[in-house]
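Data from start.cif: mmCIF, C-alpha atoms
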data_my_file
loop_
_atom_site.label_atom_id
_atom_site.label_comp_id
_atom_site.auth_asym_id
_atom_site.auth_seq_id
_atom_site.Cartn_x
_atom_site.Cartn_y
_atom_site.Cartn_z
CA MET A 1 0.00 0.00 0.00
CA ILE A 2 1.16 3.53 -0.76
CA VAL A 3 1.19 5.93 2.18
CA VAL A 4 -0.91 8.91 1.11
CA PRO A 5 0.45 12.14 2.60
CA GLU A 6 -1.49 15.15 3.69
CA PRO A 7 -2.28 17.68 0.98
CA GLY A 8 0.38 20.30 0.38
CA THR A 9 -0.08 23.96 -0.42
CA VAL A 10 -0.30 23.66 -4.20
CA THR A 11 -3.38 25.26 -5.74
CA THR A 12 -4.59 25.28 -9.32
CA ASP A 13 -7.45 27.72 -8.82
CA ALA A 14 -7.58 29.76 -12.03
CA ALA A 15 -9.57 32.45 -10.23
CA SER A 16 -6.34 33.50 -8.52
CA GLY A 17 -4.94 34.51 -11.91
CA PHE A 18 -2.63 32.87 -14.42
CA THR A 19 -0.12 33.58 -17.16
CA TYR A 20 -0.24 31.80 -20.50
CA THR A 21 2.30 32.02 -23.32
CA ALA A 22 1.43 30.37 -26.62
CA SER A 23 4.19 28.27 -28.16
CA PRO A 24 5.78 29.77 -31.31
CA THR A 25 6.59 26.32 -32.70
CA ARG A 26 5.23 25.71 -36.20
CA ILE A 27 3.21 22.47 -36.35
CA VAL A 28 2.78 20.58 -39.62
CA PHE A 29 0.53 17.53 -39.16
CA GLY A 30 -0.65 14.81 -41.52
CA ASN A 31 0.09 11.65 -43.44
CA GLY A 32 3.12 12.23 -45.64
CA ALA A 33 4.27 15.33 -43.75
CA LEU A 34 7.87 14.06 -43.93
CA ALA A 35 7.93 15.06 -47.61
CA GLN A 36 7.77 18.70 -46.52
CA LEU A 37 11.18 18.53 -44.82
CA PRO A 38 13.08 20.46 -47.54
CA HIS A 39 10.45 23.20 -47.57
CA GLU A 40 10.52 23.57 -43.79
CA VAL A 41 14.33 23.70 -43.74
CA ASP A 42 14.24 26.33 -46.48
CA ARG A 43 11.71 28.41 -44.50
CA LEU A 44 14.30 28.68 -41.75
CA GLY A 45 17.03 29.64 -44.19
CA GLY A 46 18.80 26.33 -43.76
CA ARG A 47 21.30 25.16 -46.37
CA ARG A 48 23.44 22.60 -44.54
CA VAL A 49 21.66 20.02 -42.38
CA LEU A 50 22.88 17.65 -39.70
CA LEU A 51 20.43 14.73 -39.76
CA ILE A 52 19.91 12.93 -36.45
CA ALA A 53 18.19 9.63 -37.12
CA SER A 54 18.44 5.94 -36.38
CA ASP A 55 19.14 3.43 -39.12
CA ARG A 56 15.40 2.83 -39.36
CA HIS A 57 14.62 6.36 -40.57
CA ARG A 58 17.91 7.74 -41.87
CA ALA A 59 17.73 6.49 -45.46
CA VAL A 60 14.28 7.86 -46.22
CA ALA A 61 15.02 11.20 -44.53
CA GLN A 62 18.31 11.55 -46.42
CA ALA A 63 16.56 10.80 -49.69
CA ILE A 64 13.99 13.52 -49.03
CA LEU A 65 16.56 16.07 -47.89
CA GLY A 66 18.89 15.35 -50.78
CA GLY A 67 21.89 17.66 -50.91
CA LEU A 68 20.72 19.56 -47.83
CA ALA A 69 21.93 16.71 -45.62
CA VAL A 70 25.69 17.22 -45.34
CA ALA A 71 26.15 15.06 -42.24
CA SER A 72 24.28 12.44 -40.23
CA PHE A 73 24.51 11.16 -36.67
CA SER A 74 22.94 7.93 -35.39
CA GLY A 75 24.30 7.82 -31.84
CA ALA A 76 21.50 9.55 -29.93
CA ALA A 77 20.98 7.93 -26.52
CA MET A 78 18.35 7.91 -23.78
CA HIS A 79 18.49 10.69 -21.19
CA THR A 80 20.71 12.82 -23.50
CA PRO A 81 24.18 12.08 -22.10
CA VAL A 82 26.41 15.15 -22.32
CA GLU A 83 29.26 13.17 -23.87
CA VAL A 84 27.03 12.14 -26.78
CA THR A 85 25.96 15.74 -27.33
CA GLU A 86 29.60 16.82 -27.41
CA GLN A 87 30.37 14.17 -30.01
CA ALA A 88 27.50 15.32 -32.24
CA ALA A 89 28.48 18.98 -31.73
CA ARG A 90 31.98 18.27 -33.01
CA LEU A 91 30.55 16.68 -36.15
CA ALA A 92 28.22 19.64 -36.66
CA ARG A 93 31.07 22.13 -36.38
CA GLU A 94 33.36 20.11 -38.64
CA THR A 95 30.71 19.97 -41.39
CA ASP A 96 29.62 23.61 -40.94
CA VAL A 97 25.91 22.85 -40.52
CA ASP A 98 23.33 25.55 -39.92
CA THR A 99 20.22 23.44 -39.16
CA VAL A 100 19.50 20.25 -37.24
CA VAL A 101 16.84 17.80 -38.41
CA ALA A 102 15.86 15.05 -35.98
CA VAL A 103 13.75 12.09 -37.08
CA GLY A 104 13.01 9.61 -34.31
CA GLY A 105 11.92 9.25 -30.70
CA GLY A 106 12.75 11.14 -27.56
CA SER A 107 16.48 10.43 -27.75
CA ALA A 108 16.84 11.99 -31.20
CA VAL A 109 14.68 14.96 -30.21
CA GLY A 110 16.62 15.46 -26.99
CA LEU A 111 19.94 15.51 -28.85
CA ALA A 112 18.64 18.08 -31.35
CA LYS A 113 17.50 20.29 -28.49
CA ALA A 114 20.84 19.93 -26.72
CA LEU A 115 22.69 20.99 -29.87
CA ALA A 116 20.38 23.97 -30.32
CA ALA A 117 20.99 25.00 -26.71
CA ARG A 118 24.77 24.86 -27.14
CA GLU A 119 25.30 25.98 -30.72
CA GLY A 120 22.16 27.97 -31.60
CA TYR A 121 21.03 25.77 -34.50
CA ASP A 122 17.49 25.95 -35.83
CA GLN A 123 15.61 22.67 -35.50
CA VAL A 124 13.12 20.76 -37.61
CA VAL A 125 11.92 17.77 -35.61
CA VAL A 126 9.96 14.74 -36.83
CA PRO A 127 8.85 12.60 -33.86
CA THR A 128 8.18 8.94 -34.55
CA THR A 129 6.92 8.08 -31.06
CA TYR A 130 4.45 9.75 -28.71
CA ALA A 131 6.64 11.39 -26.05
CA GLY A 132 5.57 14.97 -26.84
CA SER A 133 8.83 16.58 -25.70
CA GLU A 134 9.34 18.01 -29.18
CA VAL A 135 7.04 20.95 -28.42
CA THR A 136 8.68 21.96 -25.15
CA PRO A 137 11.52 24.35 -24.29
CA VAL A 138 12.70 21.76 -21.76
CA LEU A 139 15.84 19.64 -21.99
CA GLY A 140 16.80 16.83 -19.63
CA GLU A 141 20.52 15.99 -19.74
CA THR A 142 22.61 13.40 -17.92
CA ARG A 143 26.13 14.04 -16.67
CA ASN A 144 28.00 11.64 -14.38
CA GLY A 145 24.84 9.67 -13.65
CA VAL A 146 22.76 12.68 -12.63
CA LYS A 147 19.92 13.93 -14.82
CA THR A 148 19.16 17.64 -14.65
CA THR A 149 16.56 19.73 -16.43
CA ARG A 150 17.04 23.10 -18.07
CA SER A 151 14.63 25.33 -19.91
CA GLY A 152 14.89 28.23 -22.32
CA PRO A 153 13.55 29.55 -25.63
CA GLU A 154 16.69 28.43 -27.46
CA ILE A 155 15.76 24.79 -26.70
CA LEU A 156 12.31 24.90 -28.35
CA PRO A 157 12.27 23.48 -31.92
CA GLU A 158 11.23 25.95 -34.59
CA THR A 159 9.20 23.39 -36.57
CA VAL A 160 7.66 20.02 -35.77
CA LEU A 161 6.41 17.70 -38.50
CA TYR A 162 3.93 15.06 -37.36
CA ASP A 163 3.64 12.31 -39.96
CA VAL A 164 1.12 9.67 -38.88
CA SER A 165 2.49 7.20 -41.43
CA LEU A 166 5.81 7.05 -39.55
CA THR A 167 4.04 5.68 -36.46
CA ILE A 168 1.95 2.97 -38.12
CA ASP A 169 4.64 0.31 -37.68
CA LEU A 170 5.73 1.37 -34.20
CA PRO A 171 5.75 -1.87 -32.14
CA THR A 172 2.82 -2.15 -29.77
CA ASP A 173 5.01 -2.32 -26.67
CA LEU A 174 6.74 0.94 -27.58
CA THR A 175 3.41 2.46 -28.58
CA LEU A 176 2.05 1.79 -25.11
CA VAL A 177 4.93 3.08 -22.99
CA SER A 178 5.54 6.09 -25.22
CA SER A 179 1.87 7.04 -24.99
CA ILE A 180 1.87 6.70 -21.20
CA ASN A 181 4.89 8.99 -21.15
CA ALA A 182 2.79 11.58 -22.97
CA LEU A 183 -0.18 10.91 -20.72
CA ALA A 184 1.96 11.76 -17.70
CA HIS A 185 2.52 15.28 -19.04
CA ALA A 186 -1.21 15.87 -19.26
CA VAL A 187 -1.99 14.40 -15.85
CA GLU A 188 0.61 16.44 -14.01
CA ALA A 189 -0.39 19.60 -15.87
CA LEU A 190 -3.92 19.28 -14.48
CA TYR A 191 -2.71 19.71 -10.89
CA ALA A 192 0.25 22.02 -11.55
CA PRO A 193 0.21 25.30 -9.59
CA ASP A 194 0.87 27.29 -12.77
CA SER A 195 -1.77 25.59 -14.90
CA ASP A 196 -4.38 27.66 -16.71
CA PRO A 197 -7.67 27.09 -18.56
CA ALA A 198 -6.00 26.53 -21.94
CA THR A 199 -3.49 24.03 -20.59
CA GLY A 200 -6.25 22.26 -18.69
CA ALA A 201 -8.34 21.95 -21.84
CA PHE A 202 -5.37 20.60 -23.80
CA ALA A 203 -4.67 18.11 -21.01
CA VAL A 204 -8.21 16.74 -20.89
CA GLU A 205 -8.31 16.38 -24.68
CA ALA A 206 -4.91 14.67 -24.62
CA VAL A 207 -6.01 12.19 -21.95
CA GLY A 208 -9.14 11.32 -23.90
CA ARG A 209 -7.34 10.83 -27.21
CA ILE A 210 -4.51 8.78 -25.69
CA GLY A 211 -6.93 6.54 -23.82
CA ARG A 212 -9.05 6.02 -26.93
CA GLY A 213 -6.02 5.44 -29.14
CA LEU A 214 -4.42 2.89 -26.81
CA ARG A 215 -7.61 0.87 -26.60
CA ALA A 216 -8.01 0.93 -30.37
CA VAL A 217 -4.47 -0.22 -31.24
CA ARG A 218 -5.01 -3.36 -29.18
CA THR A 219 -7.37 -4.62 -31.88
CA ASP A 220 -5.81 -2.91 -34.91
CA ALA A 221 -2.21 -1.81 -34.43
CA ARG A 222 -2.16 -0.20 -37.90
CA SER A 223 -5.33 1.83 -37.47
CA VAL A 224 -4.73 5.29 -38.92
CA GLY A 225 -7.49 6.70 -36.72
CA ALA A 226 -5.96 5.28 -33.56
CA ARG A 227 -2.47 6.42 -34.52
CA THR A 228 -3.81 9.88 -35.30
CA ASP A 229 -5.47 10.06 -31.88
CA LEU A 230 -2.22 9.07 -30.20
CA LEU A 231 -0.12 11.55 -32.16
CA VAL A 232 -2.54 14.43 -31.60
CA GLY A 233 -2.73 13.45 -27.93
CA ALA A 234 1.06 13.44 -27.67
CA TRP A 235 1.27 16.90 -29.24
CA LEU A 236 -1.35 18.31 -26.86
CA ALA A 237 0.26 16.62 -23.85
CA GLY A 238 3.65 17.98 -24.85
CA THR A 239 2.12 21.43 -25.08
CA CYS A 240 0.97 20.96 -21.49
CA LEU A 241 4.50 20.04 -20.47
CA ALA A 242 5.72 23.26 -22.06
CA GLY A 243 3.23 25.37 -20.12
CA ALA A 244 3.01 23.83 -16.65
CA SER A 245 5.33 22.65 -13.90
CA MET A 246 5.72 18.93 -13.44
CA GLY A 247 5.59 17.26 -10.01
CA LEU A 248 6.62 14.08 -8.23
CA HIS A 249 6.00 11.72 -11.12
CA HIS A 250 8.45 13.44 -13.46
CA LYS A 251 11.00 13.97 -10.70
CA LEU A 252 11.00 10.25 -9.88
CA CYS A 253 11.31 9.28 -13.54
CA HIS A 254 14.28 11.61 -13.97
CA VAL A 255 15.96 10.13 -10.90
CA LEU A 256 15.29 6.55 -11.95
CA GLY A 257 16.45 7.16 -15.49
CA GLY A 258 19.40 9.45 -14.94
CA THR A 259 20.92 7.76 -11.88
CA PHE A 260 19.82 4.13 -12.27
CA ALA A 261 19.73 4.00 -16.09
CA LEU A 262 16.14 2.73 -16.27
CA PRO A 263 14.49 3.02 -19.70
CA HIS A 264 12.65 6.31 -19.93
CA ALA A 265 9.22 5.48 -21.34
CA GLN A 266 8.90 2.16 -19.51
CA THR A 267 9.65 3.91 -16.22
CA HIS A 268 6.85 6.38 -16.88
CA ALA A 269 4.46 3.49 -17.47
CA VAL A 270 5.30 1.86 -14.13
CA VAL A 271 5.45 5.00 -11.99
CA LEU A 272 2.46 7.01 -13.25
CA PRO A 273 -0.38 5.04 -11.56
CA HIS A 274 1.55 5.07 -8.26
CA ALA A 275 2.32 8.79 -8.46
CA MET A 276 -1.33 9.49 -9.27
CA ARG A 277 -2.46 7.46 -6.26
CA TYR A 278 0.02 9.39 -4.09
CA ASN A 279 -1.52 12.68 -5.23
CA ALA A 280 -5.16 11.63 -5.55
CA VAL A 281 -6.39 12.91 -2.16
CA ALA A 282 -4.63 16.25 -2.65
CA ALA A 283 -5.82 16.77 -6.25
CA PRO A 284 -9.39 15.44 -6.44
CA GLU A 285 -10.53 17.79 -9.20
CA ALA A 286 -7.63 16.84 -11.47
CA MET A 287 -8.26 13.14 -10.86
CA ALA A 288 -11.94 13.57 -11.61
CA ARG A 289 -11.12 15.22 -14.95
CA VAL A 290 -8.71 12.41 -15.87
CA ALA A 291 -11.27 9.77 -14.91
CA ALA A 292 -13.99 11.46 -16.97
CA ALA A 293 -11.72 11.75 -20.01
CA LEU A 294 -10.83 8.06 -19.76
CA GLY A 295 -14.41 7.02 -19.06
CA VAL A 296 -13.54 5.34 -15.76
CA ASP A 297 -14.48 5.78 -12.11
CA ASP A 298 -10.97 6.04 -10.67
CA ALA A 299 -8.13 7.79 -12.48
CA PRO A 300 -5.10 5.89 -11.10
CA SER A 301 -6.83 2.55 -11.65
CA GLY A 302 -7.87 3.61 -15.14
CA VAL A 303 -4.29 4.41 -16.12
CA LEU A 304 -3.08 1.14 -14.64
CA ASP A 305 -5.70 -0.68 -16.68
CA LEU A 306 -4.34 0.94 -19.85
CA VAL A 307 -0.86 -0.32 -19.00
CA VAL A 308 -2.00 -3.82 -18.06
CA GLY A 309 -4.38 -4.06 -21.02
CA GLY A 310 -1.53 -3.25 -23.38
CA GLY A 311 0.83 -5.76 -21.77
CA GLY A 312 3.09 -3.04 -20.40
CA PRO A 313 5.48 -3.12 -17.43
CA THR A 314 3.94 -2.74 -13.99
CA ASP A 315 6.92 -3.05 -11.65
CA LEU A 316 10.34 -1.42 -11.46
CA ALA A 317 12.02 -4.72 -10.62
CA ARG A 318 11.29 -5.82 -14.17
CA LEU A 319 13.26 -2.78 -15.35
CA GLY A 320 16.25 -3.49 -13.12
CA PHE A 321 15.54 -1.34 -10.05
CA THR A 322 15.87 -3.00 -6.64
CA ILE A 323 14.58 -2.42 -3.13
CA GLU A 324 18.15 -1.75 -1.99
CA GLN A 325 18.32 1.29 -4.29
CA ILE A 326 15.20 2.91 -2.85
CA PRO A 327 16.93 5.01 -0.12
CA GLN A 328 19.23 6.67 -2.65
CA ALA A 329 16.31 7.36 -5.01
CA VAL A 330 14.29 8.92 -2.18
CA GLU A 331 17.21 11.11 -1.18
CA LEU A 332 17.62 12.36 -4.75
CA ALA A 333 13.87 12.90 -5.17
CA LEU A 334 13.86 15.15 -2.10
CA ALA A 335 17.12 16.96 -2.86
CA GLN A 336 15.37 19.88 -4.55
CA GLN A 337 12.07 21.63 -4.04
CA TYR A 338 9.40 21.33 -6.73
CA PRO A 339 5.63 21.76 -6.77
CA ASN A 340 3.40 18.80 -6.02
CA PRO A 341 -0.17 18.69 -4.74
CA ALA A 342 0.61 16.23 -1.92
CA ALA A 343 3.32 16.97 0.60
CA LEU A 344 6.63 15.30 -0.30
CA THR A 345 7.89 13.08 2.50
CA ALA A 346 10.57 10.43 2.71
CA GLU A 347 8.04 8.01 4.17
CA GLY A 348 5.54 8.56 1.39
CA ILE A 349 8.04 8.32 -1.47
CA THR A 350 9.65 5.26 0.09
CA ALA A 351 6.29 3.53 0.25
CA LEU A 352 5.50 4.55 -3.33
CA LEU A 353 8.76 3.05 -4.60
CA HIS A 354 8.31 -0.16 -2.61
CA ALA A 355 4.92 -0.57 -4.25
CA ALA A 356 6.35 0.28 -7.68
CA VAL A 357 9.12 -2.30 -7.28
CA GLY A 358 6.38 -4.85 -6.80
CA GLU A 359 6.64 -5.44 -3.07
CA PRO A 360 3.19 -5.80 -1.45
#
Conversion result in structure tokens:
Amino acid sequence: MIVVPEPGTVTTDAASGFTYTASPTRIVFGNGALAQLPHEVDRLGGRRVLLIASDRHRAVAQAILGGLAVASFSGAAMHTPVEVTEQAARLARETDVDTVVAVGGGSAVGLAKALAAREGYDQVVVPTTYAGSEVTPVLGETRNGVKTTRSGPEILPETVLYDVSLTIDLPTDLTLVSSINALAHAVEALYAPDSDPATGAFAVEAVGRIGRGLRAVRTDARSVGARTDLLVGAWLAGTCLAGASMGLHHKLCHVLGGTFALPHAQTHAVVLPHAMRYNAVAAPEAMARVAAALGVDDAPSGVLDLVVGGGGPTDLARLGFTIEQIPQAVELALAQQYPNPAALTAEGITALLHAAVGEP
């Protein structure tokens, strides 16, 4: 059982006032959007492109970019290790690039953002999973086993192309955990202290689309409608991440990924139902909105059902995290202050992690 702490002081009452800044990122959405890559690079004045892509997507992206692609890099890694960024930055400088194009999942997107932050490159990003980080000015980097987050306008991609056709063949296991990663952005945005009516509306729509899409891909993994729902949901959830502070769930996932090298999306899938249960008493309105969007009675249970129904991971032990590592994770999770609806206590987080490891 998770120990539920007393509510903290976080409030999301819009009547107290709010500030909202619309994202300047250009969004191009649709089947076949990848074909517009040269046009979007040209709009930014780009003439020499560094292409960041895995082997799976590099050939088709290079063919579309043609002579614009003067260099390519396939070494993007989870949690954006600084040493990988430095390696890609050297290649970019040696080949005199002026624009970065990333085609892939969160690792490719994170590397593009890291290069933009360091070197000032414009970015055209083509996500092939559902993380949603492509529309945020947020960058999580790992140095010496510690993952830290930075934010700034220079990190935000100038253009994002969403091509539904690139997600049709995404394996169902990756579809699930990537979508839950996006779902986490929307959930935490609903109880963030700096949320606002627009972000709340985006979050509810994202939750509904992701829930509907995940249920649909169980019966037809190649459904264009389901994949469209998931990709739109990821975009909206990412927009929430750009506009609202994240709480305990994201902090734990950063700790577990950056320090203990757990896989990013899978960790989100395991932790989210537990983090929601931890915060449920302190954020009843947010949980009610999530439940309504999913069409369930209880929000944490509804999210867990999505994970279980899709055959996803439900315990951290399966990902390589052990009970013996819990004290260090708790210490790191409490090392810095961050907003969260429920009070953050060592006892509560310890109990949460014991439950997430799979210990009754």
Applying the PyMOL selection byres ((chain A and resi 161) around 8) to the file I just gave you, which residues come out? Please list them as a list in words. Ile27, Val28, Phe29, Ala33, Leu34, Leu37, Val124, Val125, Val126, Pro127, Thr159, Val160, Tyr162 and Asp163 of chain A
Generate the output file for the selected residues, C-alpha atoms, as a PDB file, in the frame of the given file.
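Below you can see again-v4.pdb, which holds the result:
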ATOM      1  CA  ILE A  27       3.210  22.470 -36.350  1.00  0.00           C
ATOM      2  CA  VAL A  28       2.780  20.580 -39.620  1.00  0.00           C
ATOM      3  CA  PHE A  29       0.530  17.530 -39.160  1.00  0.00           C
ATOM      4  CA  ALA A  33       4.270  15.330 -43.750  1.00  0.00           C
ATOM      5  CA  LEU A  34       7.870  14.060 -43.930  1.00  0.00           C
ATOM      6  CA  LEU A  37      11.180  18.530 -44.820  1.00  0.00           C
ATOM      7  CA  VAL A 124      13.120  20.760 -37.610  1.00  0.00           C
ATOM      8  CA  VAL A 125      11.920  17.770 -35.610  1.00  0.00           C
ATOM      9  CA  VAL A 126       9.960  14.740 -36.830  1.00  0.00           C
ATOM     10  CA  PRO A 127       8.850  12.600 -33.860  1.00  0.00           C
ATOM     11  CA  THR A 159       9.200  23.390 -36.570  1.00  0.00           C
ATOM     12  CA  VAL A 160       7.660  20.020 -35.770  1.00  0.00           C
ATOM     13  CA  TYR A 162       3.930  15.060 -37.360  1.00  0.00           C
ATOM     14  CA  ASP A 163       3.640  12.310 -39.960  1.00  0.00           C
TER      15      ASP A 163
END
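With distances restricted to all atoms listed in the file, A:Thr167 is the closest residue to A:Ala221 from A:Gly247, A:Thr167, A:Leu241, A:Tyr191.
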Skipping near chain neighbours, those fewer than 6 positions away, what residues fall within 10 Å of A:Ala53 using only C-alpha atoms, listed as a PyMOL selection string? chain A and resi 59+61-62+72-76+101-105+107-109+126
Restricting it to C-alpha atoms, dump the selection as a compact mmCIF listing (two decimals), keeping the file's coordinate frame.
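Generated output (out37.txt):
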# COMPACT_ATOMS: atom_id res chain seq x y z
CA ALA A 59 17.73 6.49 -45.46
CA ALA A 61 15.02 11.20 -44.53
CA GLN A 62 18.31 11.55 -46.42
CA SER A 72 24.28 12.44 -40.23
CA PHE A 73 24.51 11.16 -36.67
CA SER A 74 22.94 7.93 -35.39
CA GLY A 75 24.30 7.82 -31.84
CA ALA A 76 21.50 9.55 -29.93
CA VAL A 101 16.84 17.80 -38.41
CA ALA A 102 15.86 15.05 -35.98
CA VAL A 103 13.75 12.09 -37.08
CA GLY A 104 13.01 9.61 -34.31
CA GLY A 105 11.92 9.25 -30.70
CA SER A 107 16.48 10.43 -27.75
CA ALA A 108 16.84 11.99 -31.20
CA VAL A 109 14.68 14.96 -30.21
CA VAL A 126 9.96 14.74 -36.83
Residues near A:Gln336, cut-off 12 Å, all atoms listed in the file, skip fewer than 3 positions along chain, as a list in words: Thr148, Thr149, Gly247, Leu248, Lys251, Leu252, Val255, Val330, Glu331, Leu332, Ala333, Pro339 and Leu344 of chain A
Expand the PyMOL selection byres ((chain A and resi 46) around 10) into the explicit residue set it covers here, and present it as a short mmCIF file (atom, residue, chain, number, x, y, z; two decimals) with C-alpha atoms, keeping the file's coordinate frame.
data_model
loop_
_atom_site.label_atom_id
_atom_site.label_comp_id
_atom_site.auth_asym_id
_atom_site.auth_seq_id
_atom_site.Cartn_x
_atom_site.Cartn_y
_atom_site.Cartn_z
CA PRO A 38 13.08 20.46 -47.54
CA HIS A 39 10.45 23.20 -47.57
CA GLU A 40 10.52 23.57 -43.79
CA VAL A 41 14.33 23.70 -43.74
CA ASP A 42 14.24 26.33 -46.48
CA ARG A 43 11.71 28.41 -44.50
CA LEU A 44 14.30 28.68 -41.75
CA GLY A 45 17.03 29.64 -44.19
CA ARG A 47 21.30 25.16 -46.37
CA ARG A 48 23.44 22.60 -44.54
CA VAL A 49 21.66 20.02 -42.38
CA LEU A 68 20.72 19.56 -47.83
CA VAL A 97 25.91 22.85 -40.52
CA ASP A 98 23.33 25.55 -39.92
CA THR A 99 20.22 23.44 -39.16
CA VAL A 100 19.50 20.25 -37.24
CA TYR A 121 21.03 25.77 -34.50
CA ASP A 122 17.49 25.95 -35.83
CA GLN A 123 15.61 22.67 -35.50
#
Show which residues sit within 6 Å of A:Ser178, as a PyMOL selection string. Count all atoms listed in the file, and ignore same-chain residues fewer than 4 positions away. chain A and resi 130-131+174+265
Result set of the PyMOL selection byres ((chain A and resi 298) around 12) on the coordinates above, as an MDAnalysis selection string: chainID A and resid 273 276:277 280:281 284:297 299:305
I need the chosen residues saved as a PDB file, keeping the file's coordinate frame, with C-alpha atoms.
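To be explicit, this is the file written out as part_10.pdb:
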ATOM      1  CA  PRO A 273      -0.380   5.040 -11.560  1.00  0.00           C
ATOM      2  CA  MET A 276      -1.330   9.490  -9.270  1.00  0.00           C
ATOM      3  CA  ARG A 277      -2.460   7.460  -6.260  1.00  0.00           C
ATOM      4  CA  ALA A 280      -5.160  11.630  -5.550  1.00  0.00           C
ATOM      5  CA  VAL A 281      -6.390  12.910  -2.160  1.00  0.00           C
ATOM      6  CA  PRO A 284      -9.390  15.440  -6.440  1.00  0.00           C
ATOM      7  CA  GLU A 285     -10.530  17.790  -9.200  1.00  0.00           C
ATOM      8  CA  ALA A 286      -7.630  16.840 -11.470  1.00  0.00           C
ATOM      9  CA  MET A 287      -8.260  13.140 -10.860  1.00  0.00           C
ATOM     10  CA  ALA A 288     -11.940  13.570 -11.610  1.00  0.00           C
ATOM     11  CA  ARG A 289     -11.120  15.220 -14.950  1.00  0.00           C
ATOM     12  CA  VAL A 290      -8.710  12.410 -15.870  1.00  0.00           C
ATOM     13  CA  ALA A 291     -11.270   9.770 -14.910  1.00  0.00           C
ATOM     14  CA  ALA A 292     -13.990  11.460 -16.970  1.00  0.00           C
ATOM     15  CA  ALA A 293     -11.720  11.750 -20.010  1.00  0.00           C
ATOM     16  CA  LEU A 294     -10.830   8.060 -19.760  1.00  0.00           C
ATOM     17  CA  GLY A 295     -14.410   7.020 -19.060  1.00  0.00           C
ATOM     18  CA  VAL A 296     -13.540   5.340 -15.760  1.00  0.00           C
ATOM     19  CA  ASP A 297     -14.480   5.780 -12.110  1.00  0.00           C
ATOM     20  CA  ALA A 299      -8.130   7.790 -12.480  1.00  0.00           C
ATOM     21  CA  PRO A 300      -5.100   5.890 -11.100  1.00  0.00           C
ATOM     22  CA  SER A 301      -6.830   2.550 -11.650  1.00  0.00           C
ATOM     23  CA  GLY A 302      -7.870   3.610 -15.140  1.00  0.00           C
ATOM     24  CA  VAL A 303      -4.290   4.410 -16.120  1.00  0.00           C
ATOM     25  CA  LEU A 304      -3.080   1.140 -14.640  1.00  0.00           C
ATOM     26  CA  ASP A 305      -5.700  -0.680 -16.680  1.00  0.00           C
TER      27      ASP A 305
END
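For the atom pair formed by atom CA of A:Ser54 and atom CA of A:Gly32, the distance is 19.0 Å, given to one decimal.
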Using all atoms listed in the file, the best pick from A:Thr322, A:Ser245, A:Asn181, A:Thr345 as closest to A:His268 would be A:Asn181
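Distance-wise, atom CA of A:Leu236 and atom CA of A:Ala203 end up 6.7 Å apart.
Straight-line separation from atom CA of A:Glu141 to atom CA of A:Thr80: 4.9 Å.
Take the candidates A:Ile168, A:Ala234, A:Ile323, A:Val82 and check each one against A:Leu139 using only C-alpha atoms; the shortest distance goes to A:Val82.
With only C-alpha atoms as the basis for measurement, A:Pro341 is the residue among A:Gly211, A:Pro341, A:Gly225, A:Gly258 that approaches A:Met246 most closely.
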Choose the residue, out of A:Thr239, A:Val224, A:Ala63, A:Leu231, that has the smallest atom-to-atom separation from A:Val135; count all atoms listed in the file. A:Thr239
Have a look at A:Val70, A:Val270, A:Met78, A:Ala114 and name the one nearest to A:Glu94; count all atoms listed in the file.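 Smallest distance to A:Glu94 is found for A:Val70.
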Hey, can I get the axis-aligned box for stretch 31-38 of chain A? All listed atoms, 4 Å padding on each side, centre and edge lengths in Å to one decimal, as lines of an AutoDock Vina configuration file.
center_x = 6.6
center_y = 16.1
center_z = -45.5
size_x = 21.0
size_y = 16.8
size_z = 12.2
Anything within 8 Å of (3.6, 10.8, -3.9): list those residues as a VMD selection string, counting only C-alpha atoms and sticking to the file's coordinates. chain A and resid 4 to 5 248 to 249 274 to 279 342 to 344 348 to 349 352
So that I have them on file, write out the residues from the current selection with C-alpha atoms, as a PDB file, in the coordinates of the input.
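result01.pdb was written with the following content:
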ATOM      1  CA  VAL A   4      -0.910   8.910   1.110  1.00  0.00           C
ATOM      2  CA  PRO A   5       0.450  12.140   2.600  1.00  0.00           C
ATOM      3  CA  LEU A 248       6.620  14.080  -8.230  1.00  0.00           C
ATOM      4  CA  HIS A 249       6.000  11.720 -11.120  1.00  0.00           C
ATOM      5  CA  HIS A 274       1.550   5.070  -8.260  1.00  0.00           C
ATOM      6  CA  ALA A 275       2.320   8.790  -8.460  1.00  0.00           C
ATOM      7  CA  MET A 276      -1.330   9.490  -9.270  1.00  0.00           C
ATOM      8  CA  ARG A 277      -2.460   7.460  -6.260  1.00  0.00           C
ATOM      9  CA  TYR A 278       0.020   9.390  -4.090  1.00  0.00           C
ATOM     10  CA  ASN A 279      -1.520  12.680  -5.230  1.00  0.00           C
ATOM     11  CA  ALA A 342       0.610  16.230  -1.920  1.00  0.00           C
ATOM     12  CA  ALA A 343       3.320  16.970   0.600  1.00  0.00           C
ATOM     13  CA  LEU A 344       6.630  15.300  -0.300  1.00  0.00           C
ATOM     14  CA  GLY A 348       5.540   8.560   1.390  1.00  0.00           C
ATOM     15  CA  ILE A 349       8.040   8.320  -1.470  1.00  0.00           C
ATOM     16  CA  LEU A 352       5.500   4.550  -3.330  1.00  0.00           C
TER      17      LEU A 352
END
